[in-house]
file work07.cif (mmCIF, C-alpha atoms)
data_work
loop_
_atom_site.label_atom_id
_atom_site.label_comp_id
_atom_site.auth_asym_id
_atom_site.auth_seq_id
_atom_site.Cartn_x
_atom_site.Cartn_y
_atom_site.Cartn_z
CA MET A 1 20.55 -0.20 8.78
CA LYS A 2 22.30 -0.06 5.41
CA GLN A 3 20.01 2.74 4.23
CA LYS A 4 20.69 4.76 7.39
CA PHE A 5 24.43 4.31 6.94
CA LEU A 6 24.29 5.46 3.32
CA LYS A 7 22.21 8.46 4.35
CA PHE A 8 24.78 9.25 7.05
CA ILE A 9 27.82 9.20 4.79
CA SER A 10 26.07 11.05 1.95
CA ASP A 11 25.12 14.06 4.09
CA TYR A 12 27.90 16.61 3.54
CA ARG A 13 26.91 18.48 6.70
CA ILE A 14 28.01 15.52 8.81
CA ILE A 15 31.49 15.27 7.31
CA PHE A 16 31.83 19.05 7.47
CA VAL A 17 31.12 19.00 11.22
CA ILE A 18 33.63 16.16 11.60
CA TYR A 19 36.24 18.30 9.85
CA ILE A 20 35.68 21.24 12.20
CA ILE A 21 35.80 19.04 15.30
CA VAL A 22 38.96 17.30 14.10
CA ALA A 23 40.60 20.66 13.32
CA ALA A 24 39.88 21.99 16.82
CA ILE A 25 40.87 18.82 18.69
CA THR A 26 44.03 18.36 16.63
CA ALA A 27 45.17 21.93 17.27
CA TYR A 28 44.45 21.83 21.01
CA THR A 29 46.15 18.43 21.38
CA LYS A 30 49.26 19.72 19.64
CA TYR A 31 49.21 22.85 21.82
CA LYS A 32 49.09 20.76 24.99
CA ARG A 33 52.25 18.95 23.92
CA GLY A 34 54.26 22.15 24.24
CA THR A 35 56.06 24.32 21.69
CA GLY A 36 57.38 21.28 19.84
CA GLY A 37 53.81 20.27 19.08
CA TYR A 38 52.72 23.52 17.49
CA ASN A 39 55.99 25.11 16.37
CA ASN A 40 54.59 25.86 12.89
CA TYR A 41 51.87 28.01 14.41
CA LEU A 42 54.46 29.81 16.56
CA ILE A 43 56.51 30.52 13.44
CA PHE A 44 53.42 31.91 11.72
CA LYS A 45 52.67 34.03 14.79
CA GLY A 46 56.25 35.27 14.65
CA VAL A 47 55.70 36.56 11.12
CA PHE A 48 53.25 39.12 12.51
CA TYR A 49 55.41 40.25 15.43
CA ASN A 50 58.60 40.33 13.36
CA THR A 51 56.83 42.47 10.78
CA LEU A 52 55.73 44.89 13.50
CA GLN A 53 59.34 45.10 14.73
CA GLU A 54 60.69 45.20 11.15
CA ARG A 55 62.86 42.13 11.66
CA ASN A 56 63.63 39.72 8.81
CA ILE A 57 60.67 37.33 8.81
CA PHE A 58 62.66 34.56 7.14
CA LEU A 59 65.40 34.11 9.75
CA GLN A 60 65.61 30.80 11.55
CA TYR A 61 63.96 30.28 14.93
CA PRO A 62 66.71 28.59 17.01
CA ASP A 63 64.23 27.81 19.80
CA LEU A 64 61.87 26.09 17.35
CA PHE A 65 64.08 23.34 15.95
CA PHE A 66 65.96 25.86 13.78
CA ASP A 67 62.94 26.10 11.51
CA SER A 68 61.95 29.19 9.53
CA ASN A 69 59.06 30.89 7.76
CA HIS A 70 58.62 30.69 3.99
CA TYR A 71 55.38 32.68 3.59
CA GLY A 72 55.30 36.18 2.15
CA VAL A 73 55.05 39.30 4.33
CA PHE A 74 51.36 39.65 3.40
CA PHE A 75 50.78 36.61 5.61
CA SER A 76 51.46 38.84 8.64
CA LEU A 77 48.04 40.42 8.10
CA LEU A 78 46.21 37.09 7.78
CA ILE A 79 47.72 35.64 10.93
CA ALA A 80 47.38 38.87 12.96
CA PRO A 81 43.89 38.23 14.46
CA PHE A 82 45.08 34.82 15.71
CA ALA A 83 48.55 35.94 16.82
CA LEU A 84 47.01 38.55 19.13
CA LEU A 85 45.17 35.83 21.07
CA PRO A 86 46.64 33.47 23.68
CA ASP A 87 48.24 30.52 21.91
CA ALA A 88 45.60 28.01 23.00
CA PHE A 89 42.85 30.05 21.36
CA GLY A 90 44.89 31.32 18.45
CA ALA A 91 46.13 27.90 17.36
CA VAL A 92 42.67 26.32 17.56
CA LEU A 93 40.92 29.19 15.77
CA TRP A 94 43.60 29.28 13.05
CA ASN A 95 43.04 25.60 12.30
CA VAL A 96 39.27 25.99 12.33
CA ALA A 97 39.40 29.07 10.08
CA SER A 98 41.67 27.24 7.62
CA THR A 99 39.23 24.34 7.60
CA LEU A 100 36.25 26.60 6.96
CA VAL A 101 37.90 28.03 3.84
CA PHE A 102 38.47 24.51 2.52
CA LEU A 103 34.93 23.40 3.36
CA PHE A 104 33.40 26.51 1.80
CA ALA A 105 35.19 25.72 -1.46
CA ILE A 106 33.86 22.14 -1.42
CA TYR A 107 30.37 23.49 -0.76
CA LYS A 108 30.64 25.83 -3.76
CA LEU A 109 31.68 23.08 -6.18
CA PRO A 110 28.96 22.29 -8.77
CA PHE A 111 28.40 18.79 -7.42
CA SER A 112 25.42 17.13 -5.76
CA ASP A 113 25.27 17.08 -1.97
CA ALA A 114 26.20 13.38 -1.98
CA LYS A 115 29.29 14.06 -4.09
CA LYS A 116 30.33 16.91 -1.81
CA SER A 117 30.11 14.46 1.07
CA PHE A 118 32.19 11.91 -0.84
CA PHE A 119 34.77 14.62 -1.52
CA GLY A 120 35.03 15.27 2.21
CA TRP A 121 35.39 11.62 3.16
CA LEU A 122 38.00 11.04 0.45
CA CYS A 123 40.18 13.94 1.62
CA LEU A 124 39.75 13.35 5.36
CA GLN A 125 43.07 11.59 5.97
CA GLU A 126 45.06 14.20 4.05
CA PHE A 127 43.11 16.90 5.87
CA ILE A 128 44.14 15.44 9.23
CA THR A 129 47.77 15.46 8.11
CA ALA A 130 47.55 19.11 7.00
CA ALA A 131 45.68 20.14 10.17
CA THR A 132 48.33 18.49 12.33
CA TYR A 133 50.96 20.86 10.95
CA PHE A 134 48.80 24.05 11.00
CA GLN A 135 49.91 24.82 7.45
CA PHE A 136 48.40 27.14 4.85
CA ASN A 137 47.75 24.24 2.47
CA MET A 138 44.08 23.84 3.45
CA ILE A 139 43.44 27.52 2.75
CA LEU A 140 45.44 27.40 -0.48
CA THR A 141 43.46 24.39 -1.73
CA GLY A 142 40.23 26.19 -0.96
CA LEU A 143 41.41 29.38 -2.65
CA LEU A 144 42.46 27.56 -5.82
CA MET A 145 39.09 25.83 -6.07
CA LEU A 146 37.26 29.09 -5.34
CA SER A 147 39.28 30.97 -7.94
CA ALA A 148 38.05 28.50 -10.57
CA ILE A 149 34.49 28.42 -9.24
CA TYR A 150 34.23 32.23 -9.35
CA ILE A 151 35.41 32.18 -12.95
CA TYR A 152 32.60 29.77 -13.78
CA GLN A 153 30.17 32.10 -12.00
CA ARG A 154 31.55 35.15 -13.84
CA LYS A 155 32.67 36.78 -10.58
CA GLU A 156 36.04 37.93 -11.88
CA ALA A 157 37.00 40.19 -8.97
CA ARG A 158 36.42 37.42 -6.43
CA SER A 159 38.49 35.03 -8.51
CA ALA A 160 41.36 37.53 -8.68
CA PHE A 161 41.09 38.06 -4.92
CA ALA A 162 41.36 34.31 -4.22
CA ILE A 163 44.30 33.88 -6.61
CA LEU A 164 46.24 36.77 -5.11
CA ILE A 165 45.79 35.75 -1.48
CA GLY A 166 47.38 32.41 -2.35
CA THR A 167 50.10 34.05 -4.44
CA PHE A 168 51.09 36.64 -1.85
CA VAL A 169 51.34 33.97 0.85
CA LYS A 170 52.79 30.92 -0.91
CA VAL A 171 53.41 31.76 -4.59
CA TYR A 172 51.58 28.54 -5.56
CA GLY A 173 48.40 30.57 -5.79
CA ILE A 174 49.51 31.97 -9.15
CA VAL A 175 48.45 28.68 -10.78
CA GLY A 176 44.88 29.88 -10.29
CA LEU A 177 45.51 31.66 -13.58
CA SER A 178 45.09 28.27 -15.26
CA GLY A 179 41.43 29.26 -15.62
CA PHE A 180 42.24 32.56 -17.35
CA PHE A 181 41.20 31.36 -20.82
CA PHE A 182 37.71 30.56 -19.53
CA ILE A 183 37.07 34.09 -18.25
CA LYS A 184 34.31 35.91 -20.13
CA ASN A 185 35.22 39.44 -19.06
CA LYS A 186 39.01 39.40 -19.18
CA THR A 187 39.28 43.18 -18.90
CA ARG A 188 37.44 43.22 -15.58
CA PHE A 189 39.58 40.34 -14.33
CA ILE A 190 42.88 41.99 -15.30
CA ILE A 191 41.90 45.33 -13.74
CA SER A 192 40.82 43.52 -10.55
CA LEU A 193 44.03 41.50 -10.51
CA LEU A 194 46.26 44.58 -10.84
CA THR A 195 44.30 46.64 -8.32
CA ILE A 196 44.23 43.93 -5.68
CA ALA A 197 47.90 43.07 -6.28
CA ILE A 198 48.92 46.67 -5.60
CA LEU A 199 46.74 46.71 -2.48
CA PHE A 200 48.23 43.46 -1.15
CA PHE A 201 51.76 44.69 -1.90
CA VAL A 202 51.22 47.89 0.06
CA LEU A 203 49.09 46.72 3.01
CA PRO A 204 51.91 45.11 5.09
CA MET A 205 53.75 48.44 4.94
CA PHE A 206 51.06 50.00 7.14
CA ILE A 207 52.15 47.83 10.08
CA SER A 208 55.87 48.14 9.27
CA SER A 209 57.36 50.53 6.71
CA PRO A 210 57.71 50.83 2.91
CA GLN A 211 61.41 50.00 3.13
CA PHE A 212 60.79 46.87 5.18
CA GLY A 213 57.96 45.78 2.89
CA VAL A 214 60.10 46.01 -0.25
CA GLN A 215 63.06 44.34 1.47
CA SER A 216 60.81 41.49 2.63
CA TYR A 217 59.96 40.56 -0.96
CA ALA A 218 63.67 40.41 -1.81
CA ASP A 219 64.30 38.31 1.30
CA TRP A 220 61.41 36.05 0.32
CA TYR A 221 63.00 35.34 -3.05
CA HIS A 222 66.29 34.36 -1.42
CA SER A 223 64.49 32.23 1.17
CA LEU A 224 62.58 30.26 -1.46
CA THR A 225 65.70 29.82 -3.60
CA GLU A 226 67.65 28.38 -0.67
CA LYS A 227 64.73 26.18 0.33
CA ASN A 228 64.40 24.78 -3.18
CA LEU A 229 68.07 23.80 -3.22
CA SER A 230 67.91 22.18 0.22
CA ASN A 231 64.80 20.19 -0.75
CA GLN A 232 66.62 18.43 -3.58
CA SER A 233 68.26 15.83 -1.39
CA LEU A 234 67.85 12.09 -1.09
CA THR A 235 66.99 12.15 2.61
CA SER A 236 64.66 15.11 3.25
CA ARG A 237 60.99 14.73 4.12
CA GLN A 238 60.19 16.93 1.16
CA ASP A 239 60.51 16.58 -2.62
CA TYR A 240 57.59 14.13 -2.74
CA SER A 241 57.28 14.99 -6.41
CA LEU A 242 57.78 13.47 -9.84
CA MET A 243 61.35 14.73 -9.80
CA GLY A 244 61.84 13.47 -6.26
CA VAL A 245 60.78 9.95 -7.22
CA VAL A 246 63.27 9.87 -10.11
CA ARG A 247 66.06 11.47 -8.07
CA ARG A 248 65.66 9.02 -5.21
CA VAL A 249 65.18 5.90 -7.31
CA LEU A 250 68.33 6.74 -9.30
CA GLY A 251 70.18 8.02 -6.23
CA LYS A 252 71.13 11.29 -7.97
CA ALA A 253 70.22 14.42 -6.04
CA ASP A 254 71.71 16.74 -8.67
CA ILE A 255 69.12 16.00 -11.40
CA SER A 256 67.70 19.38 -12.39
CA ASN A 257 64.04 20.27 -11.91
CA LEU A 258 64.02 21.79 -15.39
CA LEU A 259 64.32 18.34 -16.97
CA PHE A 260 60.81 17.71 -15.65
CA LEU A 261 59.29 21.18 -15.47
CA VAL A 262 59.75 22.04 -19.14
CA PRO A 263 58.13 18.91 -20.66
CA GLY A 264 55.64 18.76 -17.77
CA PHE A 265 54.45 22.31 -18.35
CA ALA A 266 54.28 21.71 -22.11
CA LEU A 267 52.04 18.69 -21.51
CA PHE A 268 49.98 20.66 -18.97
CA MET A 269 49.30 23.35 -21.61
CA LEU A 270 48.35 21.01 -24.47
CA PRO A 271 44.62 20.76 -23.56
CA TYR A 272 44.28 24.52 -24.04
CA PHE A 273 44.48 23.96 -27.78
CA ARG A 274 41.04 22.31 -27.56
CA ILE A 275 39.29 25.68 -27.70
CA LYS A 276 35.88 24.21 -28.55
CA GLN A 277 35.87 22.43 -25.18
CA TYR A 278 36.25 25.68 -23.20
CA GLN A 279 32.49 26.20 -23.02
CA PHE A 280 31.87 23.00 -21.06
CA LEU A 281 32.09 23.19 -17.29
CA PRO A 282 33.43 19.60 -16.92
CA PHE A 283 36.41 20.57 -19.11
CA GLN A 284 37.11 23.57 -16.89
CA LEU A 285 36.83 21.41 -13.77
CA MET A 286 39.20 18.83 -15.24
CA ILE A 287 41.71 21.63 -15.84
CA LEU A 288 41.31 22.51 -12.16
CA ALA A 289 41.99 18.88 -11.20
CA SER A 290 45.08 18.87 -13.40
CA THR A 291 46.25 22.14 -11.81
CA LEU A 292 45.85 20.88 -8.24
CA LEU A 293 47.89 17.78 -9.09
CA PHE A 294 50.49 19.61 -11.17
CA ILE A 295 51.60 22.13 -8.53
CA VAL A 296 52.32 19.34 -6.06
CA LEU A 297 53.89 16.82 -8.43
CA PHE A 298 56.22 19.37 -10.02
CA SER A 299 57.43 21.09 -6.87
CA SER A 300 60.50 20.04 -4.90
CA SER A 301 58.87 21.67 -1.85
CA SER A 302 56.07 19.11 -1.78
CA GLU A 303 55.82 17.31 1.55
CA SER A 304 53.20 15.12 3.18
CA PRO A 305 50.90 17.99 4.36
CA THR A 306 50.95 19.43 0.83
CA TYR A 307 49.00 16.46 -0.53
CA ILE A 308 45.65 17.86 0.58
CA ILE A 309 46.02 19.89 -2.64
CA ALA A 310 46.75 16.92 -4.90
CA VAL A 311 44.13 14.61 -3.39
CA SER A 312 41.50 17.33 -3.88
CA GLY A 313 42.43 17.19 -7.57
CA VAL A 314 41.99 13.42 -7.48
CA ALA A 315 38.54 13.85 -5.91
CA ILE A 316 37.40 16.27 -8.61
CA TRP A 317 38.62 13.92 -11.34
CA PHE A 318 36.88 10.89 -9.85
CA LEU A 319 33.57 12.62 -9.09
CA MET A 320 33.19 13.71 -12.71
CA GLN A 321 33.41 10.21 -14.13
CA GLN A 322 30.10 9.23 -15.75
CA LYS A 323 31.10 5.61 -16.24
CA ILE A 324 33.47 4.52 -13.49
CA SER A 325 35.76 1.78 -14.76
CA LYS A 326 37.73 -0.80 -12.80
CA ILE A 327 40.86 1.16 -13.69
CA ASP A 328 39.36 4.30 -12.13
CA ILE A 329 38.49 2.43 -8.93
CA GLY A 330 41.91 0.80 -8.85
CA LEU A 331 43.64 4.17 -9.20
CA LEU A 332 41.49 5.68 -6.44
CA VAL A 333 42.26 2.78 -4.07
CA PHE A 334 45.95 3.14 -4.95
CA VAL A 335 45.79 6.81 -3.94
CA MET A 336 43.95 6.06 -0.71
CA ILE A 337 46.40 3.40 0.44
CA PHE A 338 49.77 4.63 -0.79
CA THR A 339 49.23 8.40 -0.74
CA CYS A 340 46.66 9.15 1.97
CA PHE A 341 47.69 6.41 4.41
CA ALA A 342 51.39 6.20 3.47
CA PHE A 343 52.58 7.65 6.77
CA SER A 344 49.79 6.30 8.98
CA ASP A 345 49.95 3.33 11.35
CA LEU A 346 48.64 1.19 8.48
CA PHE A 347 52.28 0.50 7.60
CA PRO A 348 55.22 -0.47 9.83
CA LYS A 349 57.79 2.23 10.57
CA ALA A 350 60.49 0.34 8.65
CA ILE A 351 58.45 0.42 5.44
CA LYS A 352 57.65 4.11 5.89
CA GLU A 353 61.30 4.99 6.45
CA ASP A 354 63.02 2.60 4.03
CA VAL A 355 60.50 2.69 1.17
CA PHE A 356 57.93 5.49 1.29
CA ILE A 357 60.24 8.27 2.46
CA LYS A 358 63.37 6.94 0.78
CA TYR A 359 61.74 6.79 -2.67
CA SER A 360 59.04 9.51 -2.37
CA THR A 361 56.43 6.86 -3.15
CA LYS A 362 53.61 9.05 -1.78
CA ALA A 363 53.74 10.85 -5.13
CA ILE A 364 53.45 7.80 -7.40
CA PRO A 365 49.64 7.21 -7.28
CA CYS A 366 48.99 10.90 -7.92
CA ILE A 367 51.48 10.87 -10.81
CA LEU A 368 49.47 8.09 -12.46
CA ILE A 369 46.23 9.99 -11.87
CA TRP A 370 47.68 13.17 -13.38
CA PHE A 371 48.65 11.34 -16.57
CA ARG A 372 45.16 9.83 -16.63
CA VAL A 373 43.68 13.33 -16.28
CA MET A 374 45.86 14.62 -19.11
CA TYR A 375 44.78 11.74 -21.34
CA GLU A 376 41.12 12.57 -20.70
CA LEU A 377 41.68 16.29 -21.27
CA LEU A 378 43.27 15.57 -24.63
CA THR A 379 40.85 12.93 -25.91
CA LYS A 380 37.40 13.12 -24.31
CA ASP A 381 34.26 14.95 -25.40
CA PHE A 382 33.34 17.00 -22.33
CA GLU A 383 29.82 17.64 -23.55
CA GLN A 384 28.93 13.96 -23.62
CA ASP A 385 31.35 11.99 -21.43
CA TYR A 386 31.07 13.70 -18.03
CA LYS A 387 28.40 14.61 -15.51
CA LEU A 388 28.36 16.85 -12.44
CA ASP A 389 25.16 15.85 -10.62
#

call {"tool": "encode", "arguments": {"input": "work07.cif", "output": "structure tokens"}}
result
Amino acid sequence: MKQKFLKFISDYRIIFVIYIIVAAITAYTKYKRGTGGYNNYLIFKGVFYNTLQERNIFLQYPDLFFDSNHYGVFFSLLIAPFALLPDAFGAVLWNVASTLVFLFAIYKLPFSDAKKSFFGWLCLQEFITAATYFQFNMILTGLLMLSAIYIYQRKEARSAFAILIGTFVKVYGIVGLSGFFFIKNKTRFIISLLTIAILFFVLPMFISSPQFGVQSYADWYHSLTEKNLSNQSLTSRQDYSLMGVVRRVLGKADISNLLFLVPGFALFMLPYFRIKQYQFLPFQLMILASTLLFIVLFSSSSESPTYIIAVSGVAIWFLMQQKISKIDIGLLVFVMIFTCFAFSDLFPKAIKEDVFIKYSTKAIPCILIWFRVMYELLTKDFEQDYKLD
């Protein structure tokens, strides 16, 4: 019985099928609840139709809880095939397609099949949270991992393509450039990056107009600026970040992001001085883990569905450990309980409202992991101390 169970949980195909089923059921269940259940998808759908009609895609939707879109105009092309379908089909297929991108990235990671399965089980709870809100975070996580994987495989054009899809939709994708120093053919990568960037910039203009396309990028900047300012409060369900923890613990919403971003980015860049480690794939993967954690922990826009990105970084870090210590296990359990299950029924509503939300505690386990990752990047020998199989 035990052997059968271990075989079951170590088969990545099983957890992958579970992901797809969960994505479809979650989307359809939310659809059946009415517009309040799948308002995010309706906002995404509106990006396509507003682009066609050349209406500002960042205006609030008064009929959808006064919410608004924050994705770039290029997103209108990605959501188009789903927006053209009836909502029941479009919402389900959007969630499934997002899931497939994420699963494909896991499949492409240079891990054994058993480790790919473990990755899936570890991220399942955060995946459910992301799938519930129909957000782009699953796709973005997959794209960031793929951008790094394609660099390892010397497929520079594909890496540039993955980076730019994420960038033109959610800006976060630009951090895929964290693997730039590992690229063998930098000329090919830069040419691919510039060519694809121009293509992505122009493409939305074919379903609207050049004037609207250019104006949309200006509107996007203003939208993100306003959103960043509104996130820095002591009561929002965002800012689950390093800054958010400090702001909420101290009760000071006006603490600037720069006080954290400047030293945080400096620390993030320090491992790049270890040039001799560049040649080792585990070092490159650990940089990817650091990147996935960094963009969540140092963003005031981080919310619960965003943590599929950070927890994927945690999974990569843990799966590379050759000698798993009690500290490593303790940190992983800490992440599972207080990050992945922070807003689940595992905890009473009072604790979720008065502790987890009030103090952005969802971020704390991942903060500790990120510092652990940085310590390893700065001190370990990646030829000897890590394994991928």

call {"tool": "resolve_selection", "arguments": {"input": "work07.cif", "expression": "the PyMOL selection byres ((chain A and resi 380) around 12)", "output": "number ranges by chain"}}
result
A: 271, 274, 276-277, 280, 282-283, 286, 321-322, 372-379, 381-386

call {"tool": "resolve_selection", "arguments": {"input": "work07.cif", "expression": "the PyMOL selection byres ((chain A and resi 113) around 9)", "output": "VMD selection string"}}
result
chain A and resid 10 to 13 107 111 to 112 114 to 118 389

call {"tool": "resolve_selection", "arguments": {"input": "work07.cif", "expression": "the PyMOL selection byres ((chain A and resi 151) around 12)", "output": "PDB file with C-alpha atoms, in the frame of the given file"}}
result
ATOM      1  CA  LEU A 109      31.680  23.080  -6.180  1.00  0.00           C
ATOM      2  CA  LEU A 144      42.460  27.560  -5.820  1.00  0.00           C
ATOM      3  CA  MET A 145      39.090  25.830  -6.070  1.00  0.00           C
ATOM      4  CA  LEU A 146      37.260  29.090  -5.340  1.00  0.00           C
ATOM      5  CA  SER A 147      39.280  30.970  -7.940  1.00  0.00           C
ATOM      6  CA  ALA A 148      38.050  28.500 -10.570  1.00  0.00           C
ATOM      7  CA  ILE A 149      34.490  28.420  -9.240  1.00  0.00           C
ATOM      8  CA  TYR A 150      34.230  32.230  -9.350  1.00  0.00           C
ATOM      9  CA  TYR A 152      32.600  29.770 -13.780  1.00  0.00           C
ATOM     10  CA  GLN A 153      30.170  32.100 -12.000  1.00  0.00           C
ATOM     11  CA  ARG A 154      31.550  35.150 -13.840  1.00  0.00           C
ATOM     12  CA  LYS A 155      32.670  36.780 -10.580  1.00  0.00           C
ATOM     13  CA  GLU A 156      36.040  37.930 -11.880  1.00  0.00           C
ATOM     14  CA  ALA A 157      37.000  40.190  -8.970  1.00  0.00           C
ATOM     15  CA  ARG A 158      36.420  37.420  -6.430  1.00  0.00           C
ATOM     16  CA  SER A 159      38.490  35.030  -8.510  1.00  0.00           C
ATOM     17  CA  ALA A 160      41.360  37.530  -8.680  1.00  0.00           C
ATOM     18  CA  PHE A 161      41.090  38.060  -4.920  1.00  0.00           C
ATOM     19  CA  ALA A 162      41.360  34.310  -4.220  1.00  0.00           C
ATOM     20  CA  ILE A 163      44.300  33.880  -6.610  1.00  0.00           C
ATOM     21  CA  GLY A 176      44.880  29.880 -10.290  1.00  0.00           C
ATOM     22  CA  LEU A 177      45.510  31.660 -13.580  1.00  0.00           C
ATOM     23  CA  SER A 178      45.090  28.270 -15.260  1.00  0.00           C
ATOM     24  CA  GLY A 179      41.430  29.260 -15.620  1.00  0.00           C
ATOM     25  CA  PHE A 180      42.240  32.560 -17.350  1.00  0.00           C
ATOM     26  CA  PHE A 181      41.200  31.360 -20.820  1.00  0.00           C
ATOM     27  CA  PHE A 182      37.710  30.560 -19.530  1.00  0.00           C
ATOM     28  CA  ILE A 183      37.070  34.090 -18.250  1.00  0.00           C
ATOM     29  CA  LYS A 184      34.310  35.910 -20.130  1.00  0.00           C
ATOM     30  CA  ASN A 185      35.220  39.440 -19.060  1.00  0.00           C
ATOM     31  CA  LYS A 186      39.010  39.400 -19.180  1.00  0.00           C
ATOM     32  CA  ARG A 188      37.440  43.220 -15.580  1.00  0.00           C
ATOM     33  CA  PHE A 189      39.580  40.340 -14.330  1.00  0.00           C
ATOM     34  CA  LEU A 281      32.090  23.190 -17.290  1.00  0.00           C
ATOM     35  CA  GLN A 284      37.110  23.570 -16.890  1.00  0.00           C
ATOM     36  CA  LEU A 285      36.830  21.410 -13.770  1.00  0.00           C
ATOM     37  CA  LEU A 288      41.310  22.510 -12.160  1.00  0.00           C
TER      38      LEU A 288
END

call {"tool": "closest_residue", "arguments": {"input": "work07.cif", "among": "A:Pro365, A:Gly72, A:Pro263, A:Gly37", "to": "Val214 of chain A", "atoms": "only C-alpha atoms"}}
result
A:Gly72

call {"tool": "atom_distance", "arguments": {"input": "work07.cif", "atom1": "atom CA of Cys340 of chain A", "atom2": "atom CA of Glu353 of chain A"}}
result
15.9 Å

call {"tool": "closest_residue", "arguments": {"input": "work07.cif", "among": "A:Ser236, A:Asn257, A:Thr291, A:Gln135", "to": "Ser312 of chain A", "atoms": "all atoms listed in the file"}}
result
A:Thr291

call {"tool": "residues_around", "arguments": {"input": "work07.cif", "residues": "Gly173 of chain A", "least_positions_apart": "6", "cutoff": "9 Å", "atoms": "all atoms listed in the file", "output": "PDB file with C-alpha atoms, keeping the file's coordinate frame"}}
result
ATOM      1  CA  LEU A 140      45.440  27.400  -0.480  1.00  0.00           C
ATOM      2  CA  THR A 141      43.460  24.390  -1.730  1.00  0.00           C
ATOM      3  CA  LEU A 143      41.410  29.380  -2.650  1.00  0.00           C
ATOM      4  CA  LEU A 144      42.460  27.560  -5.820  1.00  0.00           C
ATOM      5  CA  ALA A 162      41.360  34.310  -4.220  1.00  0.00           C
ATOM      6  CA  ILE A 163      44.300  33.880  -6.610  1.00  0.00           C
ATOM      7  CA  LEU A 164      46.240  36.770  -5.110  1.00  0.00           C
ATOM      8  CA  ILE A 165      45.790  35.750  -1.480  1.00  0.00           C
ATOM      9  CA  GLY A 166      47.380  32.410  -2.350  1.00  0.00           C
ATOM     10  CA  THR A 167      50.100  34.050  -4.440  1.00  0.00           C
TER      11      THR A 167
END

call {"tool": "atom_distance", "arguments": {"input": "work07.cif", "atom1": "atom CA of Ile20 of chain A", "atom2": "atom CA of Val101 of chain A"}}
result
11.0 Å

call {"tool": "closest_residue", "arguments": {"input": "work07.cif", "among": "A:Gly313, A:Asp219, A:Ile329, A:Ser241", "to": "Gly142 of chain A", "atoms": "all atoms listed in the file"}}
result
A:Gly313

call {"tool": "build_atoms", "arguments": {"input": "work07.cif", "residues": "segment 47-61 of chain A", "atoms": "N, CA and C atoms", "output": "compact mmCIF listing (two decimals), in the frame of the given file"}}
result
# COMPACT_ATOMS: atom_id res chain seq x y z
N VAL A 47 55.70 35.74 12.33
CA VAL A 47 55.70 36.56 11.12
C VAL A 47 55.04 37.91 11.41
N PHE A 48 53.95 37.88 12.16
CA PHE A 48 53.25 39.12 12.51
C PHE A 48 54.10 40.01 13.41
N TYR A 49 54.64 39.43 14.48
CA TYR A 49 55.41 40.25 15.43
C TYR A 49 56.73 40.71 14.85
N ASN A 50 57.36 39.90 14.02
CA ASN A 50 58.60 40.33 13.36
C ASN A 50 58.34 41.44 12.36
N THR A 51 57.19 41.39 11.70
CA THR A 51 56.83 42.47 10.78
C THR A 51 56.61 43.77 11.54
N LEU A 52 55.94 43.70 12.68
CA LEU A 52 55.73 44.89 13.50
C LEU A 52 57.06 45.51 13.93
N GLN A 53 58.03 44.64 14.25
CA GLN A 53 59.34 45.10 14.73
C GLN A 53 60.34 45.30 13.58
N GLU A 54 59.87 45.06 12.35
CA GLU A 54 60.69 45.20 11.15
C GLU A 54 61.97 44.36 11.22
N ARG A 55 61.78 43.12 11.64
CA ARG A 55 62.86 42.13 11.66
C ARG A 55 62.64 41.15 10.51
N ASN A 56 63.71 40.67 9.93
CA ASN A 56 63.63 39.72 8.81
C ASN A 56 62.73 38.55 9.19
N ILE A 57 61.65 38.37 8.45
CA ILE A 57 60.67 37.33 8.81
C ILE A 57 61.09 35.94 8.35
N PHE A 58 62.22 35.85 7.68
CA PHE A 58 62.66 34.56 7.14
C PHE A 58 63.86 33.98 7.88
N LEU A 59 64.29 34.64 8.97
CA LEU A 59 65.40 34.11 9.75
C LEU A 59 64.97 32.87 10.51
N GLN A 60 65.93 32.02 10.84
CA GLN A 60 65.61 30.80 11.55
C GLN A 60 65.22 31.09 13.00
N TYR A 61 64.36 30.21 13.53
CA TYR A 61 63.96 30.28 14.93
C TYR A 61 64.77 29.22 15.69
